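Notes to accompany the following structure.
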Amino acid sequence: MPSTTLTYYNNNAQTFSDSTLNVDMSALYAEFLPLIPKHGHILDAGCGSARDAMYFKQQGCTVSAFDASPALAKLASNYLQQPVAVKNFQQLNCNNKYDGIWCCASLLHVPKNELPQVFLNLQHALKPNGVLYVSFKYGTQERVHNGREFTDLNEDGLTALITQHTELKIIKKWQTVDQRPERESEVWLNALIKAVPVL
């Protein structure tokens, strides 16, 4: 994560956590969770407040979580009642570990030129046929907004990243509007992506 973005989250951790904790994510959970085995292991990658990790835990899943911001990871750990690692996507280094990886509004802070390697890291971390959920703000540019750096993607941009650099397969793409008050004009690109075993 770029240092300016990390500084933003460390300085605004409590405010950010409070603003996201009660956002209704049920429609996205309904897309993702049916693809995860019962009691499966889910990684909430870039977990922020740990809102989603907590929900998955309440559904009986085994949950792991990390965030690049030490301040957010501490709040998330307290909320989730389990350790939350401090690391970024570039430091994700494991194989065949997770049934699902949840990247909700987190990959969008990875510089575009680093996304190919990050998607490879995610591919390796998934078990065969494991499922990855990702969301990006809809667009085609890299930009700075309110002290944070963003990589925006549309369907073509995401498809190009996935098909050129990985053995991942996109199984669904769709657009949603932001669920937070006064943010309804913001459009998100969502995708479910599967780790396809090579025969």
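A note on labels: chains of the structure tokens are A, B, ... as shown, every chain counts residues from 1, and ligands are counted from 1 in their shown order.
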
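Using only C-alpha atoms, the residues found no farther than 10 Å from range 52-58 of chain A, other than those of its own chain fewer than 4 positions away, are A:Leu21, A:Val23, A:Met25, A:Ser26, A:Tyr29, A:Leu33, A:His39, A:Gly40, A:His41, A:Ile42, A:Leu43, A:Asp44, A:Ala45, A:Cys47, A:Gly48, A:Thr62, A:Val63, A:Ser64, A:Ala65, A:Ala76, A:Tyr79, A:Leu80, A:Gln81, A:Trp102, A:Cys104.
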
Any chance you could list, as a tab-separated table (two decimals) with N, CA and C atoms, in the first residue's frame, the residues in chain A that come up alpha helix (DSSP H) when DSSP is run on the backbone?
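File out-v5.tsv, as written:
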```tsv
chain	number	residue	atom	x	y	z
A	3	SER	N	2.52	4.75	0.84
A	3	SER	CA	2.69	5.27	2.20
A	3	SER	C	1.67	6.36	2.53
A	4	THR	N	1.26	7.16	1.53
A	4	THR	CA	0.26	8.19	1.82
A	4	THR	C	-1.08	7.56	2.22
A	5	THR	N	-1.44	6.47	1.56
A	5	THR	CA	-2.69	5.77	1.88
A	5	THR	C	-2.60	5.15	3.27
A	6	LEU	N	-1.46	4.55	3.57
A	6	LEU	CA	-1.25	3.93	4.88
A	6	LEU	C	-1.34	4.98	5.99
A	7	THR	N	-0.74	6.12	5.76
A	7	THR	CA	-0.81	7.21	6.73
A	7	THR	C	-2.25	7.63	6.97
A	8	TYR	N	-3.02	7.71	5.88
A	8	TYR	CA	-4.44	8.08	6.01
A	8	TYR	C	-5.16	7.10	6.94
A	9	TYR	N	-4.98	5.81	6.70
A	9	TYR	CA	-5.71	4.82	7.51
A	9	TYR	C	-5.23	4.79	8.95
A	10	ASN	N	-3.93	4.96	9.15
A	10	ASN	CA	-3.43	4.99	10.53
A	10	ASN	C	-3.96	6.20	11.29
A	11	ASN	N	-4.09	7.33	10.60
A	11	ASN	CA	-4.54	8.56	11.25
A	11	ASN	C	-6.07	8.61	11.43
A	13	ALA	N	-8.14	5.66	11.60
A	13	ALA	CA	-8.58	4.27	11.77
A	13	ALA	C	-9.95	4.17	12.45
A	14	GLN	N	-10.12	4.88	13.55
A	14	GLN	CA	-11.38	4.76	14.30
A	14	GLN	C	-12.55	5.29	13.50
A	15	THR	N	-12.37	6.45	12.87
A	15	THR	CA	-13.44	7.06	12.06
A	15	THR	C	-13.81	6.16	10.89
A	16	PHE	N	-12.78	5.63	10.21
A	16	PHE	CA	-13.03	4.75	9.06
A	16	PHE	C	-13.74	3.48	9.51
A	17	SER	N	-13.27	2.88	10.58
A	17	SER	CA	-13.88	1.66	11.09
A	17	SER	C	-15.35	1.90	11.45
A	18	ASP	N	-15.61	2.99	12.15
A	18	ASP	CA	-16.98	3.31	12.56
A	18	ASP	C	-17.89	3.51	11.34
A	19	SER	N	-17.34	4.11	10.27
A	19	SER	CA	-18.17	4.44	9.10
A	19	SER	C	-18.50	3.21	8.25
A	20	THR	N	-17.74	2.15	8.41
A	20	THR	CA	-17.95	0.96	7.57
A	20	THR	C	-18.58	-0.21	8.32
A	26	SER	N	-25.06	-7.75	2.81
A	26	SER	CA	-25.71	-9.05	2.68
A	26	SER	C	-25.81	-9.53	1.23
A	27	ALA	N	-26.01	-8.61	0.29
A	27	ALA	CA	-26.13	-9.01	-1.12
A	27	ALA	C	-24.82	-9.61	-1.63
A	28	LEU	N	-23.70	-9.07	-1.17
A	28	LEU	CA	-22.40	-9.59	-1.59
A	28	LEU	C	-22.08	-10.92	-0.89
A	29	TYR	N	-22.42	-11.00	0.39
A	29	TYR	CA	-22.24	-12.28	1.09
A	29	TYR	C	-23.02	-13.39	0.39
A	30	ALA	N	-24.20	-13.06	-0.09
A	30	ALA	CA	-25.06	-14.06	-0.73
A	30	ALA	C	-24.46	-14.58	-2.04
A	31	GLU	N	-23.61	-13.80	-2.67
A	31	GLU	CA	-22.93	-14.25	-3.88
A	31	GLU	C	-21.74	-15.16	-3.55
A	32	PHE	N	-21.04	-14.81	-2.47
A	32	PHE	CA	-19.75	-15.43	-2.14
A	32	PHE	C	-19.88	-16.71	-1.30
A	51	ARG	N	-15.49	-6.12	9.72
A	51	ARG	CA	-16.94	-6.33	9.60
A	51	ARG	C	-17.26	-7.65	8.88
A	52	ASP	N	-16.60	-7.88	7.76
A	52	ASP	CA	-16.92	-9.05	6.96
A	52	ASP	C	-16.36	-10.32	7.59
A	53	ALA	N	-15.15	-10.22	8.12
A	53	ALA	CA	-14.56	-11.38	8.82
A	53	ALA	C	-15.46	-11.84	9.96
A	54	MET	N	-16.03	-10.88	10.69
A	54	MET	CA	-16.92	-11.23	11.80
A	54	MET	C	-18.16	-11.97	11.29
A	55	TYR	N	-18.71	-11.49	10.19
A	55	TYR	CA	-19.89	-12.16	9.64
A	55	TYR	C	-19.56	-13.59	9.24
A	56	PHE	N	-18.45	-13.78	8.56
A	56	PHE	CA	-18.06	-15.13	8.12
A	56	PHE	C	-17.82	-16.04	9.34
A	57	LYS	N	-17.25	-15.48	10.37
A	57	LYS	CA	-17.00	-16.24	11.60
A	57	LYS	C	-18.34	-16.67	12.23
A	58	GLN	N	-19.30	-15.75	12.20
A	58	GLN	CA	-20.62	-16.06	12.77
A	58	GLN	C	-21.36	-17.14	11.97
A	70	PRO	N	-1.43	-0.83	10.82
A	70	PRO	CA	-1.37	-1.34	12.20
A	70	PRO	C	-2.53	-0.85	13.06
A	71	ALA	N	-2.93	0.41	12.86
A	71	ALA	CA	-4.02	0.96	13.67
A	71	ALA	C	-5.34	0.25	13.38
A	72	LEU	N	-5.61	0.00	12.09
A	72	LEU	CA	-6.84	-0.71	11.73
A	72	LEU	C	-6.78	-2.17	12.18
A	73	ALA	N	-5.62	-2.80	12.02
A	73	ALA	CA	-5.48	-4.21	12.42
A	73	ALA	C	-5.74	-4.37	13.92
A	74	LYS	N	-5.32	-3.39	14.71
A	74	LYS	CA	-5.55	-3.46	16.16
A	74	LYS	C	-7.04	-3.37	16.48
A	75	LEU	N	-7.73	-2.41	15.82
A	75	LEU	CA	-9.17	-2.29	16.03
A	75	LEU	C	-9.90	-3.55	15.56
A	76	ALA	N	-9.47	-4.06	14.42
A	76	ALA	CA	-10.11	-5.26	13.86
A	76	ALA	C	-9.90	-6.46	14.77
A	77	SER	N	-8.71	-6.58	15.32
A	77	SER	CA	-8.41	-7.70	16.23
A	77	SER	C	-9.29	-7.65	17.47
A	78	ASN	N	-9.47	-6.46	18.02
A	78	ASN	CA	-10.34	-6.30	19.19
A	78	ASN	C	-11.78	-6.68	18.86
A	79	TYR	N	-12.24	-6.26	17.70
A	79	TYR	CA	-13.62	-6.53	17.29
A	79	TYR	C	-13.83	-8.02	17.00
A	80	LEU	N	-12.86	-8.60	16.31
A	80	LEU	CA	-12.97	-10.00	15.88
A	80	LEU	C	-12.64	-10.98	17.00
A	115	LEU	N	-0.40	-5.13	-9.42
A	115	LEU	CA	-1.55	-6.04	-9.35
A	115	LEU	C	-1.29	-7.41	-9.97
A	116	PRO	N	-0.55	-7.52	-11.11
A	116	PRO	CA	-0.31	-8.87	-11.64
A	116	PRO	C	0.34	-9.81	-10.63
A	117	GLN	N	1.37	-9.34	-9.93
A	117	GLN	CA	2.03	-10.18	-8.94
A	117	GLN	C	1.11	-10.47	-7.76
A	118	VAL	N	0.32	-9.48	-7.38
A	118	VAL	CA	-0.61	-9.66	-6.25
A	118	VAL	C	-1.66	-10.72	-6.59
A	119	PHE	N	-2.18	-10.69	-7.81
A	119	PHE	CA	-3.15	-11.73	-8.20
A	119	PHE	C	-2.50	-13.11	-8.22
A	120	LEU	N	-1.23	-13.19	-8.58
A	120	LEU	CA	-0.51	-14.48	-8.49
A	120	LEU	C	-0.41	-14.93	-7.04
A	121	ASN	N	-0.10	-14.00	-6.14
A	121	ASN	CA	-0.04	-14.34	-4.71
A	121	ASN	C	-1.39	-14.88	-4.23
A	122	LEU	N	-2.46	-14.24	-4.66
A	122	LEU	CA	-3.80	-14.69	-4.27
A	122	LEU	C	-4.12	-16.06	-4.86
A	123	GLN	N	-3.74	-16.26	-6.12
A	123	GLN	CA	-3.95	-17.56	-6.76
A	123	GLN	C	-3.24	-18.67	-5.98
A	124	HIS	N	-2.00	-18.43	-5.60
A	124	HIS	CA	-1.23	-19.45	-4.87
A	124	HIS	C	-1.85	-19.74	-3.50
A	125	ALA	N	-2.40	-18.69	-2.86
A	125	ALA	CA	-2.94	-18.86	-1.52
A	125	ALA	C	-4.25	-19.64	-1.50
A	155	GLU	N	-14.52	-3.74	-16.33
A	155	GLU	CA	-14.52	-5.18	-16.65
A	155	GLU	C	-13.34	-5.57	-17.53
A	156	ASP	N	-13.06	-4.76	-18.54
A	156	ASP	CA	-11.96	-5.09	-19.46
A	156	ASP	C	-10.61	-5.05	-18.74
A	157	GLY	N	-10.44	-4.06	-17.88
A	157	GLY	CA	-9.18	-3.95	-17.15
A	157	GLY	C	-8.94	-5.14	-16.23
A	158	LEU	N	-9.99	-5.57	-15.55
A	158	LEU	CA	-9.87	-6.72	-14.65
A	158	LEU	C	-9.61	-8.00	-15.45
A	159	THR	N	-10.36	-8.17	-16.51
A	159	THR	CA	-10.19	-9.37	-17.34
A	159	THR	C	-8.76	-9.46	-17.88
A	160	ALA	N	-8.23	-8.35	-18.32
A	160	ALA	CA	-6.86	-8.34	-18.85
A	160	ALA	C	-5.85	-8.74	-17.78
A	161	LEU	N	-6.03	-8.22	-16.59
A	161	LEU	CA	-5.11	-8.56	-15.49
A	161	LEU	C	-5.16	-10.05	-15.16
A	162	ILE	N	-6.37	-10.60	-15.12
A	162	ILE	CA	-6.54	-12.00	-14.72
A	162	ILE	C	-6.04	-12.94	-15.81
A	163	THR	N	-6.45	-12.71	-17.03
A	163	THR	CA	-6.18	-13.70	-18.08
A	163	THR	C	-4.73	-13.67	-18.54
A	164	GLN	N	-4.07	-12.53	-18.42
A	164	GLN	CA	-2.68	-12.44	-18.87
A	164	GLN	C	-1.69	-13.02	-17.88
A	165	HIS	N	-2.03	-12.98	-16.60
A	165	HIS	CA	-1.00	-13.23	-15.59
A	165	HIS	C	-1.26	-14.42	-14.68
```

Using only C-alpha atoms, which residue out of A:Gly147, A:Ile36, A:Asn93, A:Lys194 lies closest to Pro128 in chain A?
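Of the candidates, the smallest distance to Pro128 in chain A is held by A:Lys194.
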
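In this structure, CA of Leu153 in chain A sits 8.3 Å away from CA of Leu108 in chain A.
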
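Between CA of Ile193 in chain A and CA of Glu149 in chain A lies a distance of 24.2 Å.
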
Proximity to Ser106 in chain A - best of A:Gly139, A:Gly46, A:Pro197, A:Gly130, only C-alpha atoms
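So, comparing all the options, the nearest one is A:Gly46.
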
Selection near Val134 in chain A, 6 Å with only C-alpha atoms, sequence-local residues under 5 positions removed, as a PyMOL selection string
chain A and resi 103-104+190-191

Taking into account only C-alpha atoms, which residue in the set A:Asn113, A:Gln59, A:Asn129, A:Ser69 is nearest to Tyr98 in chain A?
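Nearest candidate to Tyr98 in chain A out of A:Asn113, A:Gln59, A:Asn129, A:Ser69: A:Asn129.
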
Could you please write out, as a ChimeraX atom specification, every residue of chain A that DSSP assigns to strand (DSSP E)?
/A:41-45,62-67,85-86,98-103,126-137,142-145,148-151,168-177,187-195
